[in-house]
Amino acid sequence: MKNIIVTGGAGFIGSNFVHYVVNNHPEVNITVLDKLTYAGNRANLAGLPADRVNLVVGDIADAELVDKLVKNADAVVHYAAESHNDNSLIDPSPFIQTNIIGTYTLIEACRKYGVRFHHVSTDEVYGDLPLREDLPGRGEGEGEKFTPESRYQPSSPYSSSKASSDLLVRAWVRSFGLKATISNCSNNYGPYQHIEKFIPRQITNILSGIKPKLYGTGKNVRDWIHTNDHSRAVWTILTKGKIGETYLIGADGEKNNKEVLELILQEMGQPKDAYEMVKDRPGHDLRYAIDSSKLRSELGWEPKFTNFEDGLQDTINWYKDNESWWKDEKAEVEAKYANNGQ
Ligand code: NAD
Ligand code: TDX
């Protein structure tokens, strides 16, 4: 695998993967295909060697461009997406266009040229799980986590568009022999995450003198994984995964939103209750939890960033040290939320 295309490689997780490959696999050259939407940022690729990383600014739904690039590639690792649930509730249309039509465009080109495809997806395609406190036996039994066999029942326009794209990939594998794998990962955190997302929004709120905003009661649980662990998992699946298989990526990082916010406040020297409760997200998924035993036992992957508090502190430090990366966008992002009562 010498020449790979990374779609969405100027976004949060895609750019982390590009850095990971450049630093760990010197034989690989990367073409990043990214539209540079509000979520894409050239700065995320700064400092990478120009002879190994080439940024093509373009749309994954542009069939002509995609055909030209895929023709000369050994593999496509597909991260590009509209990725924010709250945005999908305001206007679903770009989610349908990029996540569904865009994925369709890529797999058609990969089918034509017999190119290996890895589809990066989310645990949200499986809908949500009951809170552990509401489970019989306090949730210690079976059936408490998502597995690759879990039923698809997405809740939001975002997650249903990702579910649609997963199903297209599965059908292209079965009907056309597309050489594809799929991964469904839990919530990522780390540097370079857009400030519309929960953790960076609250960190940059505190740094801007704005009170953090918690949706609803804060009981909703997310299963956090450091984005570096996600990148290593995707590389493992790309190189060792079995064609046609789905792998779930997670690091046993379940925490409710209130706990996460209190940790951020504590680590930033604020009182534990220095936040506001705001309007809940419509259709807000209750709990996500990943069973990643297939990835661990079959492909030998293990997460390395298992101390959430330490990873969070590093993330806070990164936003403190890189104000110029986020400051210009802060007012606009908060105005959009305020307009929505959040
Ligand atoms: P992001 O919003 O930070 O980045 C998305 C990138 O895709 C941006 O660089 C953007 O410019 C690009 N893009 C958007 N539309 C495009 C188009 N039509 N053509 C080309 N490029 C386009 O998202 P992220 O959080 O880095 O997520 C990346 C992928 O990982 C997504 O597929 C997402 O569903 C998946 N994922 C994310 C998480 C998470 O916690 N953030 C968890 C699991 C899976
Ligand atoms: O201000 C906020 N307050 C708040 O309480 C925001 C922005 C969010 N929340 C809550 C909603 C969620 O329960 O925090 C949790 C995390 O929210 P997001 O960061 O928006 O992530 P989520 O909706 O869980 O989806 C994320 O993980 C799965 C990514 O954005 C998706 O791309 C990925 O597929």
# chains A, B, ... in the order shown; residues from 1 in each chain; ligands from 1

call {"tool": "closest_atom_pairs", "arguments": {"of": "chain A", "to": "ligand 2", "cutoff": "9 Å", "atoms": "only C-alpha atoms and all ligand atoms", "output": "Markdown table"}}
result
| residue | atom | partner | partner_atom_place_in_ligand_line | distance |
| --- | --- | --- | --- | --- |
| A:Ala81 | CA | ligand 2 | 32 (O) | 8.4 |
| A:Glu82 | CA | ligand 2 | 32 (O) | 7.8 |
| A:Ser83 | CA | ligand 2 | 32 (O) | 4.1 |
| A:His84 | CA | ligand 2 | 30 (O) | 4.7 |
| A:Asn85 | CA | ligand 2 | 23 (O) | 5.2 |
| A:Asp86 | CA | ligand 2 | 20 (O) | 6.6 |
| A:Ser121 | CA | ligand 2 | 34 (O) | 6.8 |
| A:Thr122 | CA | ligand 2 | 34 (O) | 4.4 |
| A:Asp123 | CA | ligand 2 | 34 (O) | 6.6 |
| A:Glu124 | CA | ligand 2 | 34 (O) | 6.0 |
| A:Val125 | CA | ligand 2 | 34 (O) | 8.4 |
| A:Tyr158 | CA | ligand 2 | 34 (O) | 8.0 |
| A:Ser159 | CA | ligand 2 | 34 (O) | 7.0 |
| A:Lys162 | CA | ligand 2 | 34 (O) | 8.2 |
| A:Asn184 | CA | ligand 2 | 34 (O) | 8.4 |
| A:Cys185 | CA | ligand 2 | 34 (O) | 7.4 |
| A:Ser186 | CA | ligand 2 | 28 (C) | 5.9 |
| A:Asn187 | CA | ligand 2 | 27 (O) | 4.0 |
| A:Asn188 | CA | ligand 2 | 27 (O) | 6.5 |
| A:Tyr189 | CA | ligand 2 | 19 (O) | 8.8 |
| A:Ile195 | CA | ligand 2 | 7 (C) | 8.4 |
| A:Glu196 | CA | ligand 2 | 7 (C) | 5.8 |
| A:Lys197 | CA | ligand 2 | 19 (O) | 3.7 |
| A:Phe198 | CA | ligand 2 | 19 (O) | 3.7 |
| A:Ile199 | CA | ligand 2 | 19 (O) | 6.5 |
| A:Pro200 | CA | ligand 2 | 19 (O) | 8.3 |
| A:Arg201 | CA | ligand 2 | 1 (O) | 6.2 |
| A:Gln202 | CA | ligand 2 | 1 (O) | 6.8 |
| A:Pro212 | CA | ligand 2 | 1 (O) | 7.2 |
| A:Lys213 | CA | ligand 2 | 1 (O) | 4.9 |
| A:Leu214 | CA | ligand 2 | 5 (O) | 3.7 |
| A:Tyr215 | CA | ligand 2 | 5 (O) | 3.7 |
| A:Gly216 | CA | ligand 2 | 5 (O) | 7.0 |
| A:Thr217 | CA | ligand 2 | 5 (O) | 8.4 |
| A:Gly218 | CA | ligand 2 | 5 (O) | 6.1 |
| A:Lys219 | CA | ligand 2 | 13 (O) | 8.3 |
| A:Asn220 | CA | ligand 2 | 13 (O) | 5.3 |
| A:Val221 | CA | ligand 2 | 13 (O) | 6.5 |
| A:Arg222 | CA | ligand 2 | 24 (O) | 6.3 |
| A:Asp223 | CA | ligand 2 | 24 (O) | 8.7 |
| A:Trp224 | CA | ligand 2 | 27 (O) | 8.7 |
| A:Asn256 | CA | ligand 2 | 13 (O) | 8.0 |
| A:Asn257 | CA | ligand 2 | 14 (O) | 5.7 |
| A:Lys258 | CA | ligand 2 | 5 (O) | 7.8 |
| A:Leu261 | CA | ligand 2 | 5 (O) | 8.5 |
| A:Met277 | CA | ligand 2 | 5 (O) | 8.2 |
| A:Val278 | CA | ligand 2 | 3 (N) | 7.9 |
| A:Asp280 | CA | ligand 2 | 5 (O) | 7.7 |
| A:Arg281 | CA | ligand 2 | 11 (C) | 7.0 |
| A:His284 | CA | ligand 2 | 13 (O) | 6.7 |
| A:Asp285 | CA | ligand 2 | 13 (O) | 6.8 |
| A:Leu286 | CA | ligand 2 | 13 (O) | 7.3 |
| A:Arg287 | CA | ligand 2 | 13 (O) | 8.1 |
| A:Tyr288 | CA | ligand 2 | 24 (O) | 8.3 |
| A:Tyr337 | CA | ligand 2 | 1 (O) | 8.2 |
| A:Gln342 | CA | ligand 2 | 1 (O) | 6.9 |

call {"tool": "closest_atom_pairs", "arguments": {"of": "chain A", "to": "ligand 1", "cutoff": "6 Å", "atoms": "only C-alpha atoms and all ligand atoms", "output": "CSV"}}
result
residue,atom,partner,partner_atom_place_in_ligand_line,distance
A:Gly8,CA,ligand 1,7 (O),3.5
A:Gly9,CA,ligand 1,9 (O),5.8
A:Ala10,CA,ligand 1,9 (O),4.1
A:Gly11,CA,ligand 1,9 (O),3.2
A:Phe12,CA,ligand 1,26 (O),3.7
A:Ile13,CA,ligand 1,26 (O),3.7
A:Gly14,CA,ligand 1,26 (O),5.4
A:Leu33,CA,ligand 1,20 (C),5.9
A:Asp34,CA,ligand 1,21 (N),3.6
A:Lys35,CA,ligand 1,21 (N),3.9
A:Leu36,CA,ligand 1,11 (O),3.6
A:Thr37,CA,ligand 1,11 (O),3.9
A:Ala39,CA,ligand 1,8 (C),4.7
A:Gly40,CA,ligand 1,9 (O),3.2
A:Gly58,CA,ligand 1,20 (C),5.8
A:Asp59,CA,ligand 1,19 (N),3.5
A:Ile60,CA,ligand 1,19 (N),4.1
A:Ala61,CA,ligand 1,18 (N),6.0
A:Tyr79,CA,ligand 1,29 (C),4.2
A:Ala80,CA,ligand 1,7 (O),3.6
A:Ala81,CA,ligand 1,14 (C),4.5
A:Glu82,CA,ligand 1,14 (C),5.2
A:Ser83,CA,ligand 1,2 (O),4.7
A:Thr98,CA,ligand 1,18 (N),4.5
A:Val120,CA,ligand 1,32 (O),5.4
A:Ser121,CA,ligand 1,44 (C),4.6
A:Thr122,CA,ligand 1,43 (C),3.9
A:Cys185,CA,ligand 1,43 (C),4.3
A:Ser186,CA,ligand 1,42 (C),5.0
A:Asn187,CA,ligand 1,40 (O),3.6
A:Asn188,CA,ligand 1,40 (O),3.8
A:His194,CA,ligand 1,3 (O),5.8

call {"tool": "residues_around", "arguments": {"residues": "Gly269 of chain A", "least_positions_apart": "6", "cutoff": "12 Å", "atoms": "only C-alpha atoms", "output": "VMD selection string"}}
result
chain A and resid 203 206 to 207 262 to 263 313 316

call {"tool": "residues_around", "arguments": {"residues": "Ala109 of chain A", "least_positions_apart": "3", "cutoff": "9 Å", "atoms": "only C-alpha atoms", "output": "short mmCIF file (atom, residue, chain, number, x, y, z; two decimals) with C-alpha atoms, in the first residue's frame"}}
result
data_model
loop_
_atom_site.label_atom_id
_atom_site.label_comp_id
_atom_site.auth_asym_id
_atom_site.auth_seq_id
_atom_site.Cartn_x
_atom_site.Cartn_y
_atom_site.Cartn_z
CA ALA A 63 -17.46 11.93 -9.69
CA VAL A 66 -12.89 11.18 -7.63
CA ASP A 67 -12.43 8.95 -10.68
CA LYS A 68 -9.17 10.70 -11.59
CA VAL A 70 -8.94 6.80 -7.31
CA LYS A 71 -7.56 5.48 -10.60
CA TYR A 104 -21.70 6.35 -3.13
CA THR A 105 -19.41 8.31 -5.48
CA LEU A 106 -16.28 6.96 -3.78
CA LYS A 112 -14.36 0.40 -11.09
CA TYR A 113 -10.62 0.29 -10.34
CA GLY A 114 -10.61 -2.55 -7.77
CA VAL A 115 -9.26 -0.20 -5.10
#

call {"tool": "atom_distance", "arguments": {"atom1": "atom CA of Tyr152 of chain A", "atom2": "atom CA of Asp128 of chain A"}}
result
10.0 Å

call {"tool": "closest_residue", "arguments": {"among": "A:Pro136, A:His226, A:Ser231, A:Tyr275", "to": "Thr315 of chain A", "atoms": "only C-alpha atoms"}}
result
A:His226

call {"tool": "select_by_dssp", "arguments": {"residues": "segment 232-337 of chain A", "states": "strand (DSSP E)", "output": "list in words"}}
result
Thr246, Tyr247, Leu248, Ile249, Glu254, Lys255, Asn256, Glu276, Met277 and Val278 of chain A

call {"tool": "closest_residue", "arguments": {"among": "A:Thr246, A:Thr147, A:Asn205, A:Thr227", "to": "Ala180 of chain A", "atoms": "only C-alpha atoms"}}
result
A:Thr246

call {"tool": "select_by_dssp", "arguments": {"residues": "segment 42-236 of chain A", "states": "helix (DSSP H, G or I)", "output": "PyMOL selection string"}}
result
chain A and resi 42-45+63-71+85-90+93-113+123-126+132-134+136-139+157-176+198-207+227-236

call {"tool": "closest_atom_pairs", "arguments": {"of": "segment 29-121 of chain A", "to": "segment 170-174 of chain A", "cutoff": "9 Å", "atoms": "only C-alpha atoms", "output": "CSV"}}
result
residue,atom,partner,partner_atom,distance
A:Ile107,CA,A:Trp172,CA,7.5
A:Glu108,CA,A:Trp172,CA,8.5
A:Arg111,CA,A:Trp172,CA,8.0

call {"tool": "atom_distance", "arguments": {"atom1": "atom CA of Ala75 of chain A", "atom2": "atom CA of Ala46 of chain A"}}
result
23.2 Å

call {"tool": "atom_distance", "arguments": {"atom1": "atom CA of Leu65 of chain A", "atom2": "atom CA of Ile101 of chain A"}}
result
14.3 Å

call {"tool": "decode", "arguments": {"residues": "segment 260-307 of chain A", "atoms": "N, CA and C atoms", "output": "PDB file, in the first residue's frame"}}
result
ATOM      1  N   VAL A 260     -18.026  14.591  32.745  1.00  0.00           N
ATOM      2  CA  VAL A 260     -16.971  15.131  31.875  1.00  0.00           C
ATOM      3  C   VAL A 260     -16.835  16.630  32.099  1.00  0.00           C
ATOM      4  N   LEU A 261     -17.984  17.309  32.165  1.00  0.00           N
ATOM      5  CA  LEU A 261     -17.949  18.765  32.359  1.00  0.00           C
ATOM      6  C   LEU A 261     -17.330  19.116  33.715  1.00  0.00           C
ATOM      7  N   GLU A 262     -17.679  18.352  34.748  1.00  0.00           N
ATOM      8  CA  GLU A 262     -17.105  18.638  36.073  1.00  0.00           C
ATOM      9  C   GLU A 262     -15.589  18.432  36.080  1.00  0.00           C
ATOM     10  N   LEU A 263     -15.137  17.436  35.316  1.00  0.00           N
ATOM     11  CA  LEU A 263     -13.688  17.217  35.210  1.00  0.00           C
ATOM     12  C   LEU A 263     -12.998  18.387  34.521  1.00  0.00           C
ATOM     13  N   ILE A 264     -13.650  18.876  33.431  1.00  0.00           N
ATOM     14  CA  ILE A 264     -13.073  20.026  32.713  1.00  0.00           C
ATOM     15  C   ILE A 264     -12.996  21.224  33.666  1.00  0.00           C
ATOM     16  N   LEU A 265     -14.090  21.472  34.397  1.00  0.00           N
ATOM     17  CA  LEU A 265     -14.126  22.617  35.324  1.00  0.00           C
ATOM     18  C   LEU A 265     -13.035  22.480  36.381  1.00  0.00           C
ATOM     19  N   GLN A 266     -12.925  21.269  36.919  1.00  0.00           N
ATOM     20  CA  GLN A 266     -11.911  21.023  37.957  1.00  0.00           C
ATOM     21  C   GLN A 266     -10.500  21.236  37.409  1.00  0.00           C
ATOM     22  N   GLU A 267     -10.248  20.665  36.224  1.00  0.00           N
ATOM     23  CA  GLU A 267      -8.896  20.761  35.666  1.00  0.00           C
ATOM     24  C   GLU A 267      -8.560  22.200  35.257  1.00  0.00           C
ATOM     25  N   MET A 268      -9.632  23.026  35.053  1.00  0.00           N
ATOM     26  CA  MET A 268      -9.383  24.422  34.670  1.00  0.00           C
ATOM     27  C   MET A 268      -9.557  25.371  35.861  1.00  0.00           C
ATOM     28  N   GLY A 269      -9.607  24.797  37.073  1.00  0.00           N
ATOM     29  CA  GLY A 269      -9.625  25.610  38.293  1.00  0.00           C
ATOM     30  C   GLY A 269     -10.923  26.374  38.516  1.00  0.00           C
ATOM     31  N   GLN A 270     -12.031  25.841  38.035  1.00  0.00           N
ATOM     32  CA  GLN A 270     -13.334  26.501  38.196  1.00  0.00           C
ATOM     33  C   GLN A 270     -14.171  25.748  39.228  1.00  0.00           C
ATOM     34  N   PRO A 271     -15.158  26.435  39.856  1.00  0.00           N
ATOM     35  CA  PRO A 271     -16.076  25.703  40.738  1.00  0.00           C
ATOM     36  C   PRO A 271     -16.834  24.632  39.950  1.00  0.00           C
ATOM     37  N   LYS A 272     -17.147  23.532  40.646  1.00  0.00           N
ATOM     38  CA  LYS A 272     -17.774  22.363  40.026  1.00  0.00           C
ATOM     39  C   LYS A 272     -19.130  22.679  39.363  1.00  0.00           C
ATOM     40  N   ASP A 273     -19.805  23.718  39.885  1.00  0.00           N
ATOM     41  CA  ASP A 273     -21.159  24.012  39.383  1.00  0.00           C
ATOM     42  C   ASP A 273     -21.201  25.271  38.498  1.00  0.00           C
ATOM     43  N   ALA A 274     -20.038  25.663  37.960  1.00  0.00           N
ATOM     44  CA  ALA A 274     -20.000  26.901  37.158  1.00  0.00           C
ATOM     45  C   ALA A 274     -20.408  26.649  35.714  1.00  0.00           C
ATOM     46  N   TYR A 275     -21.629  26.119  35.539  1.00  0.00           N
ATOM     47  CA  TYR A 275     -22.136  25.877  34.181  1.00  0.00           C
ATOM     48  C   TYR A 275     -23.632  26.129  34.143  1.00  0.00           C
ATOM     49  N   GLU A 276     -24.177  26.192  32.904  1.00  0.00           N
ATOM     50  CA  GLU A 276     -25.620  26.391  32.741  1.00  0.00           C
ATOM     51  C   GLU A 276     -26.235  25.152  32.110  1.00  0.00           C
ATOM     52  N   MET A 277     -27.448  24.822  32.562  1.00  0.00           N
ATOM     53  CA  MET A 277     -28.176  23.752  31.884  1.00  0.00           C
ATOM     54  C   MET A 277     -29.046  24.406  30.805  1.00  0.00           C
ATOM     55  N   VAL A 278     -28.932  23.903  29.580  1.00  0.00           N
ATOM     56  CA  VAL A 278     -29.680  24.509  28.471  1.00  0.00           C
ATOM     57  C   VAL A 278     -30.622  23.470  27.852  1.00  0.00           C
ATOM     58  N   LYS A 279     -31.369  23.945  26.866  1.00  0.00           N
ATOM     59  CA  LYS A 279     -32.349  23.101  26.172  1.00  0.00           C
ATOM     60  C   LYS A 279     -31.708  21.790  25.696  1.00  0.00           C
ATOM     61  N   ASP A 280     -32.418  20.700  25.866  1.00  0.00           N
ATOM     62  CA  ASP A 280     -31.870  19.407  25.438  1.00  0.00           C
ATOM     63  C   ASP A 280     -31.899  19.295  23.910  1.00  0.00           C
ATOM     64  N   ARG A 281     -31.057  18.408  23.399  1.00  0.00           N
ATOM     65  CA  ARG A 281     -31.058  18.098  21.959  1.00  0.00           C
ATOM     66  C   ARG A 281     -32.276  17.224  21.645  1.00  0.00           C
ATOM     67  N   PRO A 282     -33.060  17.551  20.623  1.00  0.00           N
ATOM     68  CA  PRO A 282     -34.192  16.674  20.287  1.00  0.00           C
ATOM     69  C   PRO A 282     -33.692  15.273  19.910  1.00  0.00           C
ATOM     70  N   GLY A 283     -34.360  14.250  20.407  1.00  0.00           N
ATOM     71  CA  GLY A 283     -33.985  12.863  20.066  1.00  0.00           C
ATOM     72  C   GLY A 283     -32.656  12.433  20.667  1.00  0.00           C
ATOM     73  N   HIS A 284     -32.178  13.169  21.656  1.00  0.00           N
ATOM     74  CA  HIS A 284     -30.835  12.974  22.250  1.00  0.00           C
ATOM     75  C   HIS A 284     -30.586  11.520  22.682  1.00  0.00           C
ATOM     76  N   ASP A 285     -29.630  10.858  22.050  1.00  0.00           N
ATOM     77  CA  ASP A 285     -29.293   9.474  22.417  1.00  0.00           C
ATOM     78  C   ASP A 285     -28.832   9.409  23.869  1.00  0.00           C
ATOM     79  N   LEU A 286     -29.312   8.371  24.581  1.00  0.00           N
ATOM     80  CA  LEU A 286     -29.024   8.273  26.007  1.00  0.00           C
ATOM     81  C   LEU A 286     -27.608   7.794  26.313  1.00  0.00           C
ATOM     82  N   ARG A 287     -27.272   6.636  25.747  1.00  0.00           N
ATOM     83  CA  ARG A 287     -25.963   6.058  26.102  1.00  0.00           C
ATOM     84  C   ARG A 287     -25.377   5.320  24.907  1.00  0.00           C
ATOM     85  N   TYR A 288     -24.077   5.488  24.694  1.00  0.00           N
ATOM     86  CA  TYR A 288     -23.322   4.680  23.742  1.00  0.00           C
ATOM     87  C   TYR A 288     -22.289   3.883  24.536  1.00  0.00           C
ATOM     88  N   ALA A 289     -22.040   2.641  24.104  1.00  0.00           N
ATOM     89  CA  ALA A 289     -20.980   1.838  24.718  1.00  0.00           C
ATOM     90  C   ALA A 289     -20.554   0.784  23.713  1.00  0.00           C
ATOM     91  N   ILE A 290     -19.246   0.668  23.539  1.00  0.00           N
ATOM     92  CA  ILE A 290     -18.688  -0.190  22.492  1.00  0.00           C
ATOM     93  C   ILE A 290     -18.053  -1.441  23.078  1.00  0.00           C
ATOM     94  N   ASP A 291     -18.372  -2.573  22.467  1.00  0.00           N
ATOM     95  CA  ASP A 291     -17.649  -3.819  22.744  1.00  0.00           C
ATOM     96  C   ASP A 291     -16.632  -3.991  21.617  1.00  0.00           C
ATOM     97  N   SER A 292     -15.358  -3.719  21.900  1.00  0.00           N
ATOM     98  CA  SER A 292     -14.341  -3.765  20.837  1.00  0.00           C
ATOM     99  C   SER A 292     -13.535  -5.074  20.877  1.00  0.00           C
ATOM    100  N   SER A 293     -14.130  -6.124  21.464  1.00  0.00           N
ATOM    101  CA  SER A 293     -13.347  -7.358  21.648  1.00  0.00           C
ATOM    102  C   SER A 293     -12.929  -7.997  20.318  1.00  0.00           C
ATOM    103  N   LYS A 294     -13.731  -7.823  19.260  1.00  0.00           N
ATOM    104  CA  LYS A 294     -13.355  -8.415  17.964  1.00  0.00           C
ATOM    105  C   LYS A 294     -12.051  -7.788  17.441  1.00  0.00           C
ATOM    106  N   LEU A 295     -11.981  -6.472  17.502  1.00  0.00           N
ATOM    107  CA  LEU A 295     -10.777  -5.769  17.049  1.00  0.00           C
ATOM    108  C   LEU A 295      -9.561  -6.158  17.902  1.00  0.00           C
ATOM    109  N   ARG A 296      -9.794  -6.297  19.201  1.00  0.00           N
ATOM    110  CA  ARG A 296      -8.687  -6.633  20.109  1.00  0.00           C
ATOM    111  C   ARG A 296      -8.218  -8.070  19.900  1.00  0.00           C
ATOM    112  N   SER A 297      -9.180  -9.005  19.834  1.00  0.00           N
ATOM    113  CA  SER A 297      -8.751 -10.415  19.790  1.00  0.00           C
ATOM    114  C   SER A 297      -8.316 -10.825  18.381  1.00  0.00           C
ATOM    115  N   GLU A 298      -9.002 -10.332  17.353  1.00  0.00           N
ATOM    116  CA  GLU A 298      -8.652 -10.791  16.001  1.00  0.00           C
ATOM    117  C   GLU A 298      -7.491 -10.010  15.393  1.00  0.00           C
ATOM    118  N   LEU A 299      -7.391  -8.725  15.698  1.00  0.00           N
ATOM    119  CA  LEU A 299      -6.351  -7.921  15.042  1.00  0.00           C
ATOM    120  C   LEU A 299      -5.289  -7.405  16.017  1.00  0.00           C
ATOM    121  N   GLY A 300      -5.464  -7.692  17.302  1.00  0.00           N
ATOM    122  CA  GLY A 300      -4.421  -7.369  18.275  1.00  0.00           C
ATOM    123  C   GLY A 300      -4.299  -5.903  18.658  1.00  0.00           C
ATOM    124  N   TRP A 301      -5.322  -5.103  18.375  1.00  0.00           N
ATOM    125  CA  TRP A 301      -5.263  -3.669  18.767  1.00  0.00           C
ATOM    126  C   TRP A 301      -5.648  -3.491  20.239  1.00  0.00           C
ATOM    127  N   GLU A 302      -4.977  -2.567  20.901  1.00  0.00           N
ATOM    128  CA  GLU A 302      -5.354  -2.165  22.268  1.00  0.00           C
ATOM    129  C   GLU A 302      -5.237  -0.652  22.347  1.00  0.00           C
ATOM    130  N   PRO A 303      -6.110   0.022  23.086  1.00  0.00           N
ATOM    131  CA  PRO A 303      -5.930   1.471  23.255  1.00  0.00           C
ATOM    132  C   PRO A 303      -4.736   1.762  24.142  1.00  0.00           C
ATOM    133  N   LYS A 304      -4.063   2.888  23.877  1.00  0.00           N
ATOM    134  CA  LYS A 304      -2.912   3.278  24.711  1.00  0.00           C
ATOM    135  C   LYS A 304      -3.269   4.419  25.656  1.00  0.00           C
ATOM    136  N   PHE A 305      -4.236   5.253  25.237  1.00  0.00           N
ATOM    137  CA  PHE A 305      -4.593   6.431  26.049  1.00  0.00           C
ATOM    138  C   PHE A 305      -5.753   6.073  26.975  1.00  0.00           C
ATOM    139  N   THR A 306      -5.448   5.301  28.013  1.00  0.00           N
ATOM    140  CA  THR A 306      -6.538   4.778  28.836  1.00  0.00           C
ATOM    141  C   THR A 306      -6.835   5.663  30.044  1.00  0.00           C
ATOM    142  N   ASN A 307      -6.015   6.694  30.280  1.00  0.00           N
ATOM    143  CA  ASN A 307      -6.309   7.588  31.398  1.00  0.00           C
ATOM    144  C   ASN A 307      -7.002   8.849  30.861  1.00  0.00           C
TER     145      ASN A 307
END
